[in-house]
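Here's the structure, in C-alpha cells; my notes come after.
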Amino acid sequence: MDWGLRFRVSYVLMLALIIVSWELILSDMNGDDYNYGTDLCSVDVGAFLPLPYSDLPNSICKPIWNSFRLRYSNTNEKVITIILSTLYTSGWVGIGLSKNGKMINASALVGWINEEGLPTISQYHLEGFTPSKIIPIKGDLPLTKEPPFVAVHGATIYLAFQLKFTSPLKDQPILLAFGTKYPNYHRLTPHDDKKTLRFDFSSGTPVFPMIVAGNIQSESTKPKGLGMGIQTHGILGLIGWGVILPYGAIIARYLKQKGPLWFYLHLSIQLVGFLVVIGTVVIGFELKERLHADIPVHKALGIFTLALSILQVSALILRPKEESKKRRYWNWFHSWMGRIALFWGAVNIVLGIQVGGAGIEWKIGYGIVLGTLLLSCTVLEALLLLNSSDMSPPPPPIQTNSI
C-alpha cells in the first residue's frame with residue numbers, strides 16, 4: 001500500500017471516528033442521564049411520599065445539576081413545597097438556601113438512608129467549610145409545621161420539605177452537595193461534590209446556572225456584562241474550533257492543486273483561528289475568576305487544545321524543505337496533530353454547551369455547523385478520490401511477439 005493510499009485510508013478512519021464520537025456525545029446528552037431526568041420528573045411521588053408531598057397542585061419539575069431534579073409547588077403566595085431528587089447509592093444528599101449566595105451562615109436540609117435502611121433528614125447550619133463547622137439540628141430555614149421527609153424509591157432519593165416566607169420566593173441562591181460516606185451521629189462526612197446556582201422559582205428556571213462556588217453573587221451585585229462574557233466565550237469557541245480552523249484545514253487538504261495559493265490561504269485562516277482560540281481561552285480564565293467556577297474537564301480540554309494549536313503554529317519554524325526526506329514525516333505530524341486538536345476542540349464545544357446551560361438553539365446551531373462540515377469533507381474527499389483515479393496513468397500496453 002503506497003503512502004497516498006495509506007493517507008486516504010487513515011483520513012477516512014479519522015472521519016469515521018469523529019462521526020461515531022459525535023453520535024456518542026449526542027447520545028450522552030440526550031440519552032440515559034437526560035432521559036432519566038425526564039423520567040424522574042414524571043414519577044408519581046404520591047405512591048411513596050406522604051401528604052402534603054404526595055399531592056402537589058401545579059407542580060414544576062426542572063433538572064438543575066447532573067441527576068438532581070427540583071420539583072416544587074406554590075401552595076399559596078408565601079408557602080412553597082419542595083422535593084429534591086437525585087440518584088442515590090449511599091451517603092448523604094443536601095440542599096441549602098442562602099440569603100446572600102454564600103455558604104457561610106446558610107442553612108440546609110440533609111437526608112440519607114443508613115446502612116440499616118433507616119431514613120434521616122435534619123436541618124444544618126453552615127458555619128464554615130469543614131465538617132466540624134456544619135452544625136446539625138440547627139438552622140433558620142422557615143419550615144412549616146409539616147415535617148420534612150426523606151425516602152428512597154428505586155435508585156433515587158427524595159428530600160421533601162415545606163417552607164413559608166413573608167413574601168413570594170423568586171430568585172434564590174441554592175446550595176447542592178452530596179457525600180458517598182454516611183454521616184457519623186449526624187456529623188456530616190466531607191462532600192464528594194457540590195454546586196451553587198441561583199434558581200428563579202417564579203419562572204422555574206436557573207437564573208445563572210452551572211456555577212460552583214462557596215460564594216456566588218446576587219443579581220444586584222453581579223458584575224455587569226458577565227452574561228455577555230459567557231456568551232462571547234461560547235461564540236468565539238464555536239467560531240474558532242467549529243468554523244475557522246476546520247475550514248482552514250479543508251483548504252490545505254483539498255486545494256493543493258490550485259498552486260501556492262492554498263498555502264497562503266491555509267496559513268492566514270489558521271492564524272486568524274489561532275488568535276480567536278487565544279481570545280476564547282483568555283475570556284474563559286477571566287470568567288473563571290469572576291464566577292469562581294470549577295469546570296475541570298472543560299478547562300483541561302481548552303488548555304490541551306490550545307497547547308496543540310501552539311504546537312501547530314510553532315511547527316512552521318521547523319518545517320523542512322520540500323525536497324527533504326524529513327518533509328513527509330513533518331507533514332504526517334502536522335496533519336494528525338491538527339486533526340486531534342480539531343476533534344477535541346469539537347468535543348469541548350459540546351461540553352461547553354452542556355455545562356454552560358445553553359439553550360436548545362445552541363445545540364441545534366452547532367449541530368448544523370458540524371453536520372455541514374462533515375458533509376463538506378465527505379463530498380470533497382469523494383471528489384478527490386475520483387480525480388486521483390482519473391489522473392492515474394493507463395496500464396502499459398501488452399506486448400506480443402510477432403510470428
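In the C-alpha cells, chains take the letters A, B, ... in the order shown, each chain's residues start at 1, and ligands count up from 1 in the order shown.
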Shell around Gly352 in chain A at 12 Å using only C-alpha atoms, local window under 2 positions removed, as number ranges by chain: A: 29, 210, 230-231, 233-238, 280, 284, 295-302, 344-350, 354-359, 362-363, 366
Just the residues within 10 Å of range 73-80 of chain A, please, counting only C-alpha atoms, with nothing from its chain fewer than 3 positions along; format it as number ranges by chain. A: 52-53, 55-61, 83, 142-144, 161-169, 201-202
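Nearest to Leu188 in chain A of all the residues A:Ile368, A:Val110, A:Ala47, A:Leu383 is A:Val110, counting only C-alpha atoms.
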List every residue of range 35-151 of chain A that DSSP, applied to the backbone, labels as strand (DSSP E), and write the result as a PyMOL selection string. chain A and resi 60-65+68-74+79-87+92-97+106-113+119-126+134-136+149-151
DSSP alpha helix (DSSP H) residues within range 86-316 of chain A, listed as number ranges by chain: A: 226-239, 245-254, 261-291, 296-314
I'd like the interatomic distance between CA of Glu381 in chain A and CA of Ile251 in chain A, to a tenth of an Å.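 Atom-to-atom, CA of Glu381 in chain A to CA of Ile251 in chain A, that is 11.9 Å.
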Show which residues sit within 7 Å of Gly179 in chain A, as a ChimeraX atom specification. Count only C-alpha atoms, and ignore same-chain residues fewer than 6 positions away. /A:91-93,189-192
To one decimal place in Å, what is the distance between CA of Leu271 in chain A and CA of Thr232 in chain A? 19.6 Å
May I ask which of the residues A:Leu141, A:Val45, A:Ile269, A:Ile174 is the closest one to Tyr247 in chain A, counting only C-alpha atoms?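 Residue with the minimum atom-to-atom distance to Tyr247 in chain A: A:Ile269.
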When you look at range 117-129 of chain A with a cut-off of 6 Å (counting only C-alpha atoms), what residues show up, excluding the ones that are within fewer than 3 positions of it in the same chain? I need them as JSON, numbers by chain. {"A": [104, 105, 106, 107, 108, 109, 110, 111, 112, 113, 114, 133, 134, 135, 136, 137, 138, 139]}
Expected file contents, prior selection, all heavy atoms, as a compact mmCIF listing (two decimals), in the first residue's frame:
# COMPACT_ATOMS: atom_id res chain seq x y z
N ILE A 104 -21.33 30.34 53.94
CA ILE A 104 -21.25 30.68 55.36
C ILE A 104 -22.58 31.27 55.83
O ILE A 104 -23.15 32.16 55.19
CB ILE A 104 -20.11 31.68 55.63
CG1 ILE A 104 -18.77 31.08 55.14
CG2 ILE A 104 -20.03 32.03 57.11
CD1 ILE A 104 -18.38 29.82 55.86
N ASN A 105 -23.07 30.73 56.96
CA ASN A 105 -24.32 31.16 57.59
C ASN A 105 -25.57 30.79 56.80
O ASN A 105 -26.66 31.29 57.11
CB ASN A 105 -24.31 32.67 57.87
CG ASN A 105 -23.31 33.05 58.96
OD1 ASN A 105 -23.12 32.30 59.92
ND2 ASN A 105 -22.66 34.19 58.79
N ALA A 106 -25.41 29.92 55.81
CA ALA A 106 -26.59 29.38 55.13
C ALA A 106 -27.14 28.21 55.94
O ALA A 106 -26.50 27.69 56.85
CB ALA A 106 -26.23 28.94 53.72
N SER A 107 -28.35 27.80 55.61
CA SER A 107 -28.98 26.65 56.26
C SER A 107 -29.33 25.63 55.20
O SER A 107 -29.65 25.98 54.05
CB SER A 107 -30.24 27.08 57.01
OG SER A 107 -29.91 27.98 58.06
N ALA A 108 -29.29 24.34 55.59
CA ALA A 108 -29.51 23.28 54.62
C ALA A 108 -30.28 22.13 55.26
O ALA A 108 -30.23 21.92 56.48
CB ALA A 108 -28.18 22.78 54.08
N LEU A 109 -30.98 21.39 54.41
CA LEU A 109 -31.59 20.13 54.81
C LEU A 109 -30.79 19.00 54.19
O LEU A 109 -30.48 19.03 52.98
CB LEU A 109 -33.04 20.05 54.33
CG LEU A 109 -34.10 20.66 55.25
CD1 LEU A 109 -35.45 20.61 54.57
CD2 LEU A 109 -34.15 19.91 56.58
N VAL A 110 -30.43 18.02 55.01
CA VAL A 110 -29.61 16.90 54.56
C VAL A 110 -30.35 15.61 54.90
O VAL A 110 -30.87 15.45 56.01
CB VAL A 110 -28.23 16.91 55.23
CG1 VAL A 110 -27.40 15.72 54.76
CG2 VAL A 110 -27.51 18.22 54.92
N GLY A 111 -30.40 14.70 53.95
CA GLY A 111 -31.09 13.45 54.16
C GLY A 111 -30.26 12.27 53.72
O GLY A 111 -29.40 12.38 52.85
N TRP A 112 -30.52 11.12 54.33
CA TRP A 112 -29.84 9.89 53.96
C TRP A 112 -30.62 8.69 54.48
O TRP A 112 -31.48 8.82 55.35
CB TRP A 112 -28.40 9.87 54.48
CG TRP A 112 -28.26 9.83 55.99
CD1 TRP A 112 -28.17 8.74 56.80
CD2 TRP A 112 -28.19 10.97 56.86
NE1 TRP A 112 -28.05 9.10 58.11
CE2 TRP A 112 -28.05 10.47 58.18
CE3 TRP A 112 -28.24 12.36 56.66
CZ2 TRP A 112 -27.96 11.32 59.29
CZ3 TRP A 112 -28.15 13.19 57.77
CH2 TRP A 112 -28.01 12.68 59.06
N ILE A 113 -30.28 7.54 53.93
CA ILE A 113 -30.82 6.26 54.40
C ILE A 113 -29.62 5.45 54.88
O ILE A 113 -28.73 5.14 54.08
CB ILE A 113 -31.56 5.50 53.28
CG1 ILE A 113 -32.60 6.40 52.62
CG2 ILE A 113 -32.20 4.24 53.84
CD1 ILE A 113 -33.72 6.84 53.53
N ASN A 114 -29.57 5.14 56.18
CA ASN A 114 -28.37 4.50 56.70
C ASN A 114 -28.29 3.04 56.27
O ASN A 114 -29.17 2.51 55.57
CB ASN A 114 -28.30 4.63 58.23
CG ASN A 114 -29.40 3.87 58.94
OD1 ASN A 114 -30.04 2.99 58.38
ND2 ASN A 114 -29.63 4.22 60.21
N LYS A 133 -17.75 22.45 61.26
CA LYS A 133 -18.48 23.71 61.25
C LYS A 133 -19.89 23.56 60.66
O LYS A 133 -20.61 24.54 60.53
CB LYS A 133 -17.71 24.76 60.44
CG LYS A 133 -16.37 25.15 61.08
CD LYS A 133 -16.57 25.89 62.39
CE LYS A 133 -15.25 26.39 62.96
NZ LYS A 133 -15.45 27.11 64.24
N ILE A 134 -20.24 22.34 60.29
CA ILE A 134 -21.60 22.08 59.81
C ILE A 134 -22.41 21.57 61.00
O ILE A 134 -22.31 20.41 61.40
CB ILE A 134 -21.59 21.03 58.67
CG1 ILE A 134 -20.55 21.42 57.61
CG2 ILE A 134 -22.97 20.90 58.06
CD1 ILE A 134 -20.78 22.76 56.96
N ILE A 135 -23.19 22.43 61.61
CA ILE A 135 -23.84 22.15 62.89
C ILE A 135 -25.20 21.48 62.66
O ILE A 135 -26.08 22.05 62.01
CB ILE A 135 -24.03 23.45 63.69
CG1 ILE A 135 -22.71 24.23 63.76
CG2 ILE A 135 -24.56 23.13 65.08
CD1 ILE A 135 -21.56 23.47 64.36
N PRO A 136 -25.40 20.26 63.20
CA PRO A 136 -26.68 19.56 62.99
C PRO A 136 -27.78 20.10 63.88
O PRO A 136 -27.53 20.73 64.92
CB PRO A 136 -26.32 18.11 63.33
CG PRO A 136 -25.21 18.23 64.33
CD PRO A 136 -24.42 19.44 63.92
N ILE A 137 -29.01 19.83 63.43
CA ILE A 137 -30.23 20.17 64.17
C ILE A 137 -30.23 21.66 64.53
O ILE A 137 -30.54 22.07 65.64
CB ILE A 137 -30.40 19.30 65.42
CG1 ILE A 137 -30.02 17.86 65.13
CG2 ILE A 137 -31.84 19.34 65.92
CD1 ILE A 137 -30.09 16.94 66.32
N LYS A 138 -29.81 22.46 63.56
CA LYS A 138 -29.77 23.90 63.75
C LYS A 138 -29.88 24.57 62.39
O LYS A 138 -29.43 24.03 61.39
CB LYS A 138 -28.46 24.30 64.45
CG LYS A 138 -28.38 25.78 64.81
CD LYS A 138 -27.05 26.09 65.49
CE LYS A 138 -26.94 27.56 65.83
NZ LYS A 138 -25.63 27.89 66.47
N GLY A 139 -30.49 25.75 62.36
CA GLY A 139 -30.62 26.47 61.11
C GLY A 139 -31.81 27.39 61.15
O GLY A 139 -32.62 27.37 62.10
One decimal, in Å: what's the spacing between CA of Glu289 in chain A and CA of Thr196 in chain A?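 These two atoms are separated by 15.3 Å.
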Which residue is closest to Leu384 in chain A? Choose from A:Lys256, A:Lys288, A:Lys62, A:Arg328 and count only C-alpha atoms. A:Lys256
